[in-house]
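For reference, coords.cif (mmCIF, C-alpha atoms and all ligand atoms):
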data_run
#
loop_
_atom_site.label_atom_id
_atom_site.label_comp_id
_atom_site.auth_asym_id
_atom_site.auth_seq_id
_atom_site.Cartn_x
_atom_site.Cartn_y
_atom_site.Cartn_z
CA MET A 1 4.66 -11.00 12.60
CA ALA A 2 2.09 -13.81 12.76
CA GLN A 3 3.35 -17.13 14.07
CA ASN A 4 0.51 -19.33 12.84
CA ALA A 5 -2.55 -19.31 10.61
CA GLU A 6 -4.97 -18.39 13.39
CA GLN A 7 -2.95 -15.33 14.39
CA ARG A 8 -2.64 -14.37 10.77
CA ASP A 9 -6.37 -14.53 10.16
CA SER A 10 -7.07 -12.34 13.20
CA ILE A 11 -4.83 -9.43 12.16
CA LEU A 12 -7.47 -7.66 10.06
CA ARG A 13 -10.51 -8.75 12.09
CA GLY A 14 -12.64 -5.70 12.79
CA ILE A 15 -10.39 -3.36 10.80
CA ARG A 16 -12.40 -1.13 8.43
CA VAL A 17 -10.49 2.11 7.99
CA LEU A 18 -7.08 2.40 6.34
CA ASP A 19 -5.05 5.61 6.20
CA GLY A 20 -4.62 7.94 3.22
CA GLY A 21 -1.77 9.22 1.07
CA MET A 22 1.66 9.50 2.71
CA ALA A 23 3.55 11.50 0.09
CA THR A 24 0.71 14.00 -0.32
CA GLU A 25 0.54 14.64 3.39
CA LEU A 26 4.31 14.88 3.82
CA GLU A 27 4.26 17.70 1.27
CA TYR A 28 1.61 19.49 3.29
CA GLN A 29 3.87 19.07 6.33
CA GLY A 30 6.55 20.94 4.39
CA ALA A 31 8.75 17.94 3.59
CA ARG A 32 10.74 17.82 0.36
CA ILE A 33 9.87 14.60 -1.49
CA ASP A 34 11.18 15.41 -4.96
CA GLY A 35 14.67 13.92 -4.45
CA PRO A 36 15.76 10.54 -5.82
CA LEU A 37 14.40 8.73 -2.75
CA TRP A 38 11.05 10.53 -2.81
CA SER A 39 9.26 10.15 0.50
CA ALA A 40 11.93 7.70 1.71
CA GLN A 41 14.23 10.71 2.06
CA VAL A 42 12.03 12.00 4.86
CA LEU A 43 12.71 8.84 6.89
CA GLU A 44 16.31 10.00 7.17
CA ASP A 45 15.90 13.78 7.22
CA SER A 46 12.77 14.44 9.25
CA PRO A 47 11.26 11.34 10.79
CA GLU A 48 9.08 13.51 13.05
CA LYS A 49 7.13 14.56 9.94
CA VAL A 50 6.39 10.89 9.17
CA VAL A 51 5.13 10.40 12.73
CA ALA A 52 3.02 13.55 12.36
CA VAL A 53 1.37 12.17 9.23
CA HIS A 54 0.63 8.84 10.92
CA ARG A 55 -0.77 10.71 13.94
CA ALA A 56 -3.03 12.81 11.72
CA TYR A 57 -4.46 9.67 10.12
CA ILE A 58 -5.07 7.94 13.47
CA GLU A 59 -6.83 11.09 14.71
CA ALA A 60 -8.95 10.98 11.54
CA GLY A 61 -10.00 7.42 12.38
CA ALA A 62 -7.50 5.13 10.64
CA GLU A 63 -7.18 1.68 12.20
CA CYS A 64 -4.40 0.56 9.86
CA LEU A 65 -1.25 2.48 8.95
CA LEU A 66 0.95 1.96 5.91
CA THR A 67 4.59 2.74 6.65
CA ALA A 68 6.58 5.36 4.71
CA SER A 69 8.66 2.73 2.91
CA TYR A 70 6.89 2.47 -0.46
CA GLN A 71 10.01 3.40 -2.48
CA VAL A 72 12.62 1.84 -0.19
CA SER A 73 14.67 -0.89 -1.81
CA ARG A 74 18.29 -1.98 -2.04
CA MET A 75 18.15 -1.47 -5.79
CA GLY A 76 16.94 2.11 -5.46
CA TYR A 77 19.51 2.98 -2.81
CA ARG A 78 22.33 1.35 -4.76
CA GLU A 79 21.44 3.37 -7.86
CA ILE A 80 22.08 6.63 -6.07
CA GLY A 81 25.26 5.39 -4.41
CA LEU A 82 23.88 4.49 -0.99
CA ALA A 83 24.79 1.30 0.86
CA PRO A 84 22.11 -1.40 0.61
CA GLU A 85 22.20 -1.79 4.40
CA ARG A 86 20.76 1.71 4.60
CA ALA A 87 17.69 0.54 2.71
CA ASP A 88 17.30 -2.38 5.13
CA ALA A 89 17.54 0.00 8.09
CA ALA A 90 15.03 2.38 6.48
CA LEU A 91 12.43 -0.40 6.13
CA LEU A 92 12.60 -1.13 9.86
CA HIS A 93 12.83 2.55 10.78
CA ALA A 94 9.58 3.16 8.91
CA VAL A 95 7.88 0.46 11.00
CA GLU A 96 9.26 2.03 14.17
CA LEU A 97 7.82 5.45 13.24
CA ALA A 98 4.35 4.00 12.64
CA ARG A 99 4.55 2.13 15.97
CA THR A 100 5.60 5.37 17.69
CA ALA A 101 2.49 7.14 16.42
CA ALA A 102 0.22 4.19 17.27
CA ALA A 103 1.61 4.09 20.82
CA GLU A 104 0.27 7.61 21.37
CA PHE A 105 -3.24 6.10 21.18
CA PRO A 106 -3.12 3.22 23.68
CA GLN A 107 -6.92 2.97 23.79
CA ARG A 108 -7.10 2.27 20.05
CA ARG A 109 -6.17 -0.85 18.10
CA VAL A 110 -3.99 0.31 15.21
CA VAL A 111 -2.27 -2.25 13.01
CA VAL A 112 0.91 -1.46 11.10
CA ALA A 113 1.52 -2.67 7.56
CA ALA A 114 4.92 -2.40 5.88
CA SER A 115 4.29 -0.59 2.60
CA LEU A 116 6.15 -2.24 -0.26
CA GLY A 117 5.83 -0.69 -3.71
CA PRO A 118 6.39 -2.63 -6.91
CA TYR A 119 9.67 -2.94 -8.82
CA GLY A 120 8.51 -0.12 -11.10
CA ALA A 121 8.27 2.31 -8.18
CA ALA A 122 11.98 1.87 -7.53
CA LEU A 123 12.74 2.75 -11.16
CA HIS A 124 11.14 6.19 -10.65
CA ASN A 125 9.90 6.39 -14.23
CA GLY A 126 6.23 5.53 -13.76
CA ALA A 127 6.82 1.92 -14.85
CA GLU A 128 4.47 0.66 -12.12
CA TYR A 129 1.60 2.07 -14.16
CA HIS A 130 2.23 -0.22 -17.12
CA GLY A 131 4.34 -2.99 -15.59
CA LYS A 132 6.36 -3.57 -18.75
CA TYR A 133 9.67 -4.16 -17.05
CA LYS A 134 12.89 -5.00 -18.84
CA CYS A 135 14.05 -7.54 -16.29
CA ALA A 136 13.99 -11.30 -15.78
CA PHE A 137 11.45 -12.96 -13.49
CA SER A 138 14.32 -13.99 -11.20
CA GLU A 139 15.31 -10.32 -10.79
CA LEU A 140 11.76 -9.48 -9.74
CA VAL A 141 11.87 -12.27 -7.17
CA GLN A 142 15.23 -11.05 -5.89
CA PHE A 143 14.01 -7.44 -5.65
CA HIS A 144 11.11 -8.48 -3.40
CA ARG A 145 13.04 -11.14 -1.49
CA GLU A 146 15.58 -8.61 -0.21
CA ARG A 147 12.88 -6.56 1.49
CA ILE A 148 10.80 -9.50 2.70
CA ASP A 149 13.82 -11.10 4.39
CA VAL A 150 14.61 -7.90 6.31
CA LEU A 151 11.04 -7.46 7.53
CA ALA A 152 10.68 -11.15 8.38
CA THR A 153 13.75 -11.18 10.61
CA GLY A 154 14.28 -7.58 11.78
CA GLN A 155 12.83 -5.52 14.61
CA PRO A 156 10.42 -3.93 15.06
CA ALA A 157 8.24 -6.21 12.97
CA PRO A 158 5.14 -4.93 11.16
CA ASP A 159 1.82 -6.74 11.62
CA PHE A 160 1.86 -7.67 7.95
CA LEU A 161 3.34 -6.77 4.56
CA ALA A 162 1.34 -4.61 2.17
CA PHE A 163 2.31 -5.14 -1.47
CA GLU A 164 0.84 -2.16 -3.25
CA THR A 165 0.26 -0.72 -6.71
CA LEU A 166 1.03 -4.08 -8.33
CA PRO A 167 0.68 -3.69 -12.08
CA SER A 168 0.85 -7.29 -13.26
CA LEU A 169 0.20 -10.95 -12.59
CA GLU A 170 3.89 -11.64 -13.16
CA GLU A 171 4.97 -9.36 -10.34
CA ALA A 172 2.40 -10.87 -7.97
CA GLN A 173 3.74 -14.32 -8.79
CA ALA A 174 7.31 -13.14 -8.20
CA ILE A 175 6.26 -11.95 -4.75
CA GLY A 176 4.63 -15.31 -4.06
CA GLU A 177 7.92 -16.98 -4.86
CA ALA A 178 9.89 -14.56 -2.70
CA LEU A 179 7.46 -15.19 0.19
CA ALA A 180 7.63 -18.98 -0.13
CA PRO A 181 10.39 -19.47 2.50
CA TRP A 182 8.17 -17.61 5.01
CA PRO A 183 4.80 -19.43 5.13
CA ASP A 184 3.90 -17.84 8.48
CA LEU A 185 4.15 -14.24 7.28
CA ALA A 186 1.00 -12.24 6.51
CA ALA A 187 0.59 -10.08 3.41
CA TRP A 188 -1.96 -8.27 1.31
CA PHE A 189 -1.86 -7.75 -2.42
CA CYS A 190 -3.29 -4.60 -4.00
CA PHE A 191 -3.28 -3.99 -7.72
CA THR A 192 -3.41 -0.78 -9.75
CA CYS A 193 -6.14 -1.05 -12.38
CA ARG A 194 -6.56 0.67 -15.74
CA ASP A 195 -10.23 -0.06 -16.29
CA ALA A 196 -13.19 -1.86 -14.69
CA LYS A 197 -11.71 -5.34 -15.24
CA HIS A 198 -7.96 -5.19 -15.88
CA VAL A 199 -4.80 -4.42 -13.93
CA ALA A 200 -2.36 -1.89 -15.40
CA HIS A 201 -0.40 -4.46 -17.41
CA GLY A 202 -3.58 -5.92 -18.90
CA GLU A 203 -4.34 -9.14 -17.03
CA LEU A 204 -7.79 -9.61 -15.51
CA LEU A 205 -7.93 -8.46 -11.88
CA SER A 206 -9.94 -11.62 -11.16
CA GLU A 207 -7.10 -13.74 -12.53
CA CYS A 208 -4.54 -11.91 -10.37
CA ALA A 209 -6.74 -12.20 -7.28
CA ALA A 210 -7.30 -15.93 -7.78
CA ALA A 211 -3.54 -16.41 -8.09
CA VAL A 212 -2.57 -14.54 -4.93
CA ALA A 213 -5.43 -16.11 -2.94
CA ARG A 214 -3.52 -19.37 -3.17
CA PHE A 215 -0.51 -18.02 -1.28
CA PRO A 216 -0.65 -19.11 2.39
CA GLN A 217 0.41 -15.61 3.51
CA THR A 218 -2.51 -13.73 1.90
CA VAL A 219 -4.80 -11.96 4.39
CA ALA A 220 -6.56 -9.61 1.96
CA ILE A 221 -6.70 -8.72 -1.72
CA GLY A 222 -7.63 -5.45 -3.34
CA LEU A 223 -6.76 -2.41 -5.36
CA ASN A 224 -5.12 0.95 -4.87
CA CYS A 225 -3.87 3.87 -6.96
CA THR A 226 -6.90 3.56 -9.21
CA ARG A 227 -9.69 5.96 -10.20
CA PRO A 228 -12.53 5.86 -7.64
CA ALA A 229 -15.16 5.49 -10.38
CA LEU A 230 -13.72 2.06 -11.21
CA VAL A 231 -13.94 0.70 -7.68
CA PRO A 232 -17.49 -0.79 -7.64
CA PRO A 233 -17.05 -2.99 -10.73
CA LEU A 234 -13.57 -4.00 -9.58
CA ILE A 235 -14.96 -5.09 -6.19
CA ARG A 236 -17.37 -7.33 -8.10
CA GLU A 237 -14.39 -8.89 -9.90
CA LEU A 238 -12.62 -9.47 -6.59
CA ARG A 239 -15.68 -11.06 -4.99
CA GLN A 240 -15.98 -13.54 -7.82
CA ALA A 241 -12.30 -14.45 -7.63
CA SER A 242 -11.80 -15.25 -3.94
CA GLU A 243 -13.29 -15.28 -0.46
CA LYS A 244 -10.47 -13.16 0.98
CA PRO A 245 -11.26 -9.84 2.69
CA ILE A 246 -11.28 -7.00 0.16
CA VAL A 247 -9.32 -3.77 0.60
CA VAL A 248 -9.71 -0.72 -1.62
CA TYR A 249 -7.82 2.56 -1.46
CA PRO A 250 -8.23 4.48 -4.70
CA ASN A 251 -6.90 7.93 -5.52
CA SER A 252 -8.87 11.02 -4.52
CA GLY A 253 -10.62 11.42 -7.86
CA GLU A 254 -8.36 14.09 -9.24
CA GLY A 255 -6.57 13.24 -12.46
CA TRP A 256 -2.98 14.05 -13.42
CA ASP A 257 -2.90 16.17 -16.56
CA ALA A 258 0.58 15.58 -18.00
CA ALA A 259 0.19 18.39 -20.56
CA VAL A 260 -0.11 21.08 -17.90
CA ARG A 261 1.68 19.09 -15.16
CA SER A 262 -1.04 19.54 -12.58
CA TRP A 263 -3.98 17.76 -10.96
CA THR A 264 -7.45 18.34 -12.36
CA GLY A 265 -10.98 17.43 -11.33
CA THR A 266 -12.44 17.07 -7.87
CA GLY A 267 -10.90 15.29 -4.91
CA ASP A 268 -13.59 16.49 -2.54
CA ALA A 269 -13.42 14.68 0.82
CA ALA A 270 -17.20 14.56 1.41
CA ARG A 271 -17.71 13.09 -2.05
CA PHE A 272 -14.98 10.52 -1.36
CA GLY A 273 -16.77 9.60 1.88
CA ALA A 274 -20.08 9.18 0.04
CA MET A 275 -18.42 6.91 -2.50
CA SER A 276 -16.82 4.87 0.30
CA ALA A 277 -20.31 3.92 1.52
CA ASP A 278 -20.91 2.28 -1.86
CA TRP A 279 -17.59 0.45 -1.62
CA PHE A 280 -18.36 -0.94 1.85
CA LEU A 281 -21.84 -1.98 0.71
CA ALA A 282 -20.39 -3.61 -2.41
CA GLY A 283 -18.27 -5.86 -0.22
CA ALA A 284 -15.06 -4.05 0.72
CA GLN A 285 -14.01 -4.71 4.31
CA ILE A 286 -11.27 -2.07 4.44
CA VAL A 287 -11.31 1.34 2.76
CA GLY A 288 -8.65 4.04 2.66
CA GLY A 289 -7.09 6.44 0.19
CA CYS A 290 -4.09 6.57 -2.13
CA CYS A 291 -2.72 9.54 -4.10
CA ARG A 292 -4.04 13.00 -3.18
CA THR A 293 -6.14 11.74 -0.28
CA ARG A 294 -5.68 13.46 3.09
CA PRO A 295 -6.89 13.02 6.69
CA SER A 296 -10.09 14.86 5.72
CA HIS A 297 -10.90 12.01 3.32
CA ILE A 298 -10.18 9.36 5.94
CA ARG A 299 -12.33 11.18 8.50
CA GLN A 300 -15.24 10.87 6.08
CA VAL A 301 -14.53 7.18 5.49
CA ALA A 302 -14.35 6.56 9.25
CA GLU A 303 -17.73 8.27 9.75
CA VAL A 304 -19.28 6.08 7.06
CA ALA A 305 -17.68 2.95 8.54
CA GLY A 306 -19.06 3.89 11.96
CA ARG A 307 -22.56 4.35 10.55
CA LEU A 308 -22.45 1.00 8.76
CA ARG A 309 -20.95 -0.95 11.67
ZN ZN A 401 -1.76 6.29 -5.63
#

Please lay out the structure from this file as structure tokens.
Ligand SMILES: [Zn+2]
Amino acid sequence: MAQNAEQRDSILRGIRVLDGGMATELEYQGARIDGPLWSAQVLEDSPEKVVAVHRAYIEAGAECLLTASYQVSRMGYREIGLAPERADAALLHAVELARTAAAEFPQRRVVVAASLGPYGAALHNGAEYHGKYKCAFSELVQFHRERIDVLATGQPAPDFLAFETLPSLEEAQAIGEALAPWPDLAAWFCFTCRDAKHVAHGELLSECAAAVARFPQTVAIGLNCTRPALVPPLIRELRQASEKPIVVYPNSGEGWDAAVRSWTGTGDAARFGAMSADWFLAGAQIVGGCCRTRPSHIRQVAEVAGRLR
């Protein structure tokens, strides 16, 4: 990863288009992701499907890939009886698979971000969407430190760390503490938001953004796993809080109806592309998609980014 501040600041220069959902697309590739490791299972069982998803997103226009390691953690592996070293290996394997796909496009600059979900994602009970964890701050720090240390020292290295779907200020601060021994690393911080001002746990997004902007490792700040309708006002909050580049990758626009256990509403790719124009114009530098977004959505975003360039 970056060796100094100048290298760190150049990682995201010129990058506009992020990829879309990994789990969604793995399902379309026929992968089973309903086991206790979710999409991390695919890293072990069918890595070629992960490469295929990355390839599809690069072909659609993505300039930045998030690795398939969102749910990978020592804690999660330990809970289902797997050795913690297997989680460490999976983190690096996920980077390798993204690099493999990127290498198929030597004429393109594609950066690779290690996807790191929040503590709640490893609990597999939806806790990342409220952030009310029953654990001490020191446990949160430890949870993140274990993954950061592997990615900071192992090979292949990602270009930066992407902390995603963060529900609370407390978890962001725990990550800051876990990152402290590694001032030369690069990271972005994306929060999941419940309304036009607040992250899932209830703190102001602006407060969270101002806090993470102070970490030396921070290369961008933003939101993901959030309803697209909330993105414009949330970008305004981010702009007021810091000067850091802004990244947004909301869900497709469909909503999960728990009563009937299915997705409702529209996740139309062309509509997503039209909305992405508003997000770029509002001040987002990088736009991609989270849950239920596919290469068709990213193709639309890439077309918009090309028009606005
Ligand atoms: Zn999502």

Inset, instruction - Kindly compile the residues surrounding ligand ZN 401 (chain A) within 8 Å, counting all atoms listed in the file, and format them as number ranges by chain. - result: A: 21, 165, 224-226, 250-251, 289-292

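Residues surrounding Leu234 (chain A) within 8 Å are Ala196, Lys197 and Leu205 of chain A [all atoms listed in the file; sequence separation below 6 positions excluded].
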
Give me a file of those residues, with C-alpha atoms, as a compact mmCIF listing (two decimals), in the coordinates of the input.
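Heads up, here's the output in selection39.txt:
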# COMPACT_ATOMS: atom_id res chain seq x y z
CA ALA A 196 -13.19 -1.86 -14.69
CA LYS A 197 -11.71 -5.34 -15.24
CA LEU A 205 -7.93 -8.46 -11.88

Legend entry - Distance of CA of Ile33 (chain A) from CA of Lys49 (chain A), expressed in Å to one decimal place: 11.8 Å

Within 9 Å of region 172-188 of chain A: each region 193-229 of chain A residue with its shortest pair, all atoms listed in the file, as a tab-separated table:
residue	atom	partner	partner_atom	distance
A:Cys208	CA	A:Ala172	CA	7.4
A:Ala211	CA	A:Gln173	CA	7.6
A:Val212	CA	A:Ala172	CA	6.9
A:Phe215	CA	A:Gly176	CA	6.4
A:Pro216	CA	A:Pro183	CA	6.1
A:Gln217	CA	A:Ala186	CA	4.6
A:Thr218	CA	A:Ala187	CA	5.0
A:Val219	CA	A:Trp188	CA	5.6
A:Ala220	CA	A:Trp188	CA	4.8
A:Ile221	CA	A:Trp188	CA	5.6
A:Gly222	CA	A:Trp188	CA	7.9

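Residues within 9 Å of region 229-232 of chain A, counting all atoms listed in the file and excluding same-chain residues fewer than 5 positions away, are Cys193, Arg194, Asp195, Ala196, Lys197, Leu223, Glu237, Val248, Tyr249, Pro250, Gly253, Met275, Asp278, Trp279 and Ala282 of chain A.
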
Inset, instruction - For Arg99 (chain A), list every protein, DNA or RNA residue within 9 Å, evaluated using all atoms listed in the file, and leave out those in the same chain fewer than 5 positions away; present the list as a list in words. - result: Val51, Ala94, Glu104, Val110, Val111, Val112, Pro156 and Pro158 of chain A

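For the set A:Met22, A:Ala284, A:Leu91, A:Ala277, the residue with the smallest atom-to-atom gap to Gly306 (chain A) is A:Ala277, counting only C-alpha atoms.
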
Legend entry - One-decimal distance in Å that lies between CA of Arg55 (chain A) and CA of Ala98 (chain A): 8.5 Å

Legend entry - Of the listed residues A:Gln71, A:Ser168, A:Asn125, A:Gln7, that which approaches His201 (chain A) most closely, counting only C-alpha atoms: A:Ser168

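Our summary of the geometry notes that CA of Asp257 (chain A) is positioned 27.8 Å from CA of Phe189 (chain A).
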
Inset, instruction - For each of A:Gly283, A:Arg109, A:Val141, A:Val150, take the minimum atom-to-atom distance to Gly14 (chain A), counting all atoms listed in the file, then give the residue where this is smallest. - result: A:Arg109

Legend entry - A:Asp9, A:Glu27, A:Glu79, A:Glu85 ranked by distance to Ala122 (chain A), top pick (using all atoms listed in the file): A:Glu79

Centre, edges in Å (one decimal): axis-aligned box, region 63-82 of chain A, 5 Å padding on all six sides, as lines of an AutoDock Vina configuration file:
center_x = 9.0
center_y = 2.3
center_z = 2.2
size_x = 42.4
size_y = 18.6
size_z = 30.1

Legend entry - Spatial neighbours of Thr266 (chain A), max dist 12 Å, all atoms listed in the file, sep filter under 2 positions, as number ranges by chain: A: 227-228, 251-256, 263-264, 268-272, 292-293

Legend entry - Given only C-alpha atoms as the counted atoms, nearest of A:Asn4, A:Gln29, A:Ser115, A:Ser242 to Leu92 (chain A): A:Ser115

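Each of A:Ala5, A:Leu116, A:Ala259, A:Ala209 was compared to Glu243 (chain A) using only C-alpha atoms, and A:Ala209 turns out to be the nearest.
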
Complete region 178-188 of chain A at the level of all heavy atoms, written as an mmCIF file, in the frame of the given file.
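Below is the file out-v2.cif, written as the result:
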data_model
loop_
_atom_site.group_PDB
_atom_site.id
_atom_site.type_symbol
_atom_site.label_atom_id
_atom_site.label_comp_id
_atom_site.auth_asym_id
_atom_site.auth_seq_id
_atom_site.Cartn_x
_atom_site.Cartn_y
_atom_site.Cartn_z
ATOM 1 N N ALA A 178 8.997 -15.147 -3.701
ATOM 2 C CA ALA A 178 9.890 -14.560 -2.700
ATOM 3 C C ALA A 178 9.383 -14.815 -1.276
ATOM 4 O O ALA A 178 10.165 -14.900 -0.326
ATOM 5 C CB ALA A 178 10.027 -13.055 -2.942
ATOM 6 N N LEU A 179 8.055 -14.940 -1.136
ATOM 7 C CA LEU A 179 7.460 -15.190 0.190
ATOM 8 C C LEU A 179 7.539 -16.658 0.595
ATOM 9 O O LEU A 179 7.401 -16.981 1.785
ATOM 10 C CB LEU A 179 5.978 -14.788 0.186
ATOM 11 C CG LEU A 179 5.611 -13.318 0.353
ATOM 12 C CD1 LEU A 179 4.111 -13.141 0.087
ATOM 13 C CD2 LEU A 179 5.967 -12.808 1.746
ATOM 14 N N ALA A 180 7.752 -17.541 -0.377
ATOM 15 C CA ALA A 180 7.630 -18.980 -0.130
ATOM 16 C C ALA A 180 8.436 -19.496 1.074
ATOM 17 O O ALA A 180 7.941 -20.342 1.823
ATOM 18 C CB ALA A 180 7.986 -19.759 -1.388
ATOM 19 N N PRO A 181 9.667 -18.972 1.311
ATOM 20 C CA PRO A 181 10.390 -19.470 2.500
ATOM 21 C C PRO A 181 9.766 -19.038 3.821
ATOM 22 O O PRO A 181 10.216 -19.494 4.882
ATOM 23 C CB PRO A 181 11.788 -18.831 2.342
ATOM 24 C CG PRO A 181 11.881 -18.355 0.940
ATOM 25 C CD PRO A 181 10.472 -18.044 0.520
ATOM 26 N N TRP A 182 8.769 -18.168 3.787
ATOM 27 C CA TRP A 182 8.170 -17.610 5.010
ATOM 28 C C TRP A 182 6.666 -17.877 5.046
ATOM 29 O O TRP A 182 5.859 -16.954 4.985
ATOM 30 C CB TRP A 182 8.419 -16.094 5.077
ATOM 31 C CG TRP A 182 9.835 -15.664 4.904
ATOM 32 C CD1 TRP A 182 10.424 -15.175 3.775
ATOM 33 C CD2 TRP A 182 10.865 -15.686 5.902
ATOM 34 N NE1 TRP A 182 11.754 -14.887 4.004
ATOM 35 C CE2 TRP A 182 12.050 -15.193 5.312
ATOM 36 C CE3 TRP A 182 10.896 -16.081 7.253
ATOM 37 C CZ2 TRP A 182 13.249 -15.078 6.005
ATOM 38 C CZ3 TRP A 182 12.089 -15.963 7.938
ATOM 39 C CH2 TRP A 182 13.251 -15.468 7.312
ATOM 40 N N PRO A 183 6.238 -19.122 5.194
ATOM 41 C CA PRO A 183 4.800 -19.430 5.130
ATOM 42 C C PRO A 183 3.983 -18.811 6.261
ATOM 43 O O PRO A 183 2.765 -18.674 6.137
ATOM 44 C CB PRO A 183 4.775 -20.967 5.189
ATOM 45 C CG PRO A 183 6.085 -21.363 5.777
ATOM 46 C CD PRO A 183 7.071 -20.322 5.360
ATOM 47 N N ASP A 184 4.639 -18.413 7.353
ATOM 48 C CA ASP A 184 3.900 -17.840 8.480
ATOM 49 C C ASP A 184 3.731 -16.331 8.406
ATOM 50 O O ASP A 184 3.060 -15.740 9.243
ATOM 51 C CB ASP A 184 4.580 -18.205 9.800
ATOM 52 C CG ASP A 184 4.493 -19.704 10.075
ATOM 53 O OD1 ASP A 184 3.509 -20.326 9.620
ATOM 54 O OD2 ASP A 184 5.413 -20.237 10.712
ATOM 55 N N LEU A 185 4.346 -15.683 7.425
ATOM 56 C CA LEU A 185 4.150 -14.240 7.280
ATOM 57 C C LEU A 185 2.719 -13.957 6.833
ATOM 58 O O LEU A 185 2.013 -14.838 6.352
ATOM 59 C CB LEU A 185 5.115 -13.666 6.243
ATOM 60 C CG LEU A 185 6.589 -13.570 6.609
ATOM 61 C CD1 LEU A 185 7.339 -12.830 5.491
ATOM 62 C CD2 LEU A 185 6.782 -12.852 7.931
ATOM 63 N N ALA A 186 2.313 -12.692 6.996
ATOM 64 C CA ALA A 186 1.000 -12.240 6.510
ATOM 65 C C ALA A 186 1.227 -11.122 5.503
ATOM 66 O O ALA A 186 2.123 -10.296 5.681
ATOM 67 C CB ALA A 186 0.159 -11.744 7.674
ATOM 68 N N ALA A 187 0.408 -11.101 4.453
ATOM 69 C CA ALA A 187 0.590 -10.080 3.410
ATOM 70 C C ALA A 187 -0.731 -9.777 2.721
ATOM 71 O O ALA A 187 -1.604 -10.640 2.637
ATOM 72 C CB ALA A 187 1.600 -10.574 2.363
ATOM 73 N N TRP A 188 -0.867 -8.529 2.239
ATOM 74 C CA TRP A 188 -1.960 -8.270 1.310
ATOM 75 C C TRP A 188 -1.412 -7.836 -0.030
ATOM 76 O O TRP A 188 -0.281 -7.377 -0.134
ATOM 77 C CB TRP A 188 -3.030 -7.344 1.886
ATOM 78 C CG TRP A 188 -2.853 -5.858 1.871
ATOM 79 C CD1 TRP A 188 -2.080 -5.091 1.043
ATOM 80 C CD2 TRP A 188 -3.542 -4.943 2.735
ATOM 81 N NE1 TRP A 188 -2.246 -3.766 1.334
ATOM 82 C CE2 TRP A 188 -3.124 -3.644 2.357
ATOM 83 C CE3 TRP A 188 -4.498 -5.088 3.767
ATOM 84 C CZ2 TRP A 188 -3.613 -2.501 3.012
ATOM 85 C CZ3 TRP A 188 -4.971 -3.944 4.403
ATOM 86 C CH2 TRP A 188 -4.538 -2.673 4.022
#
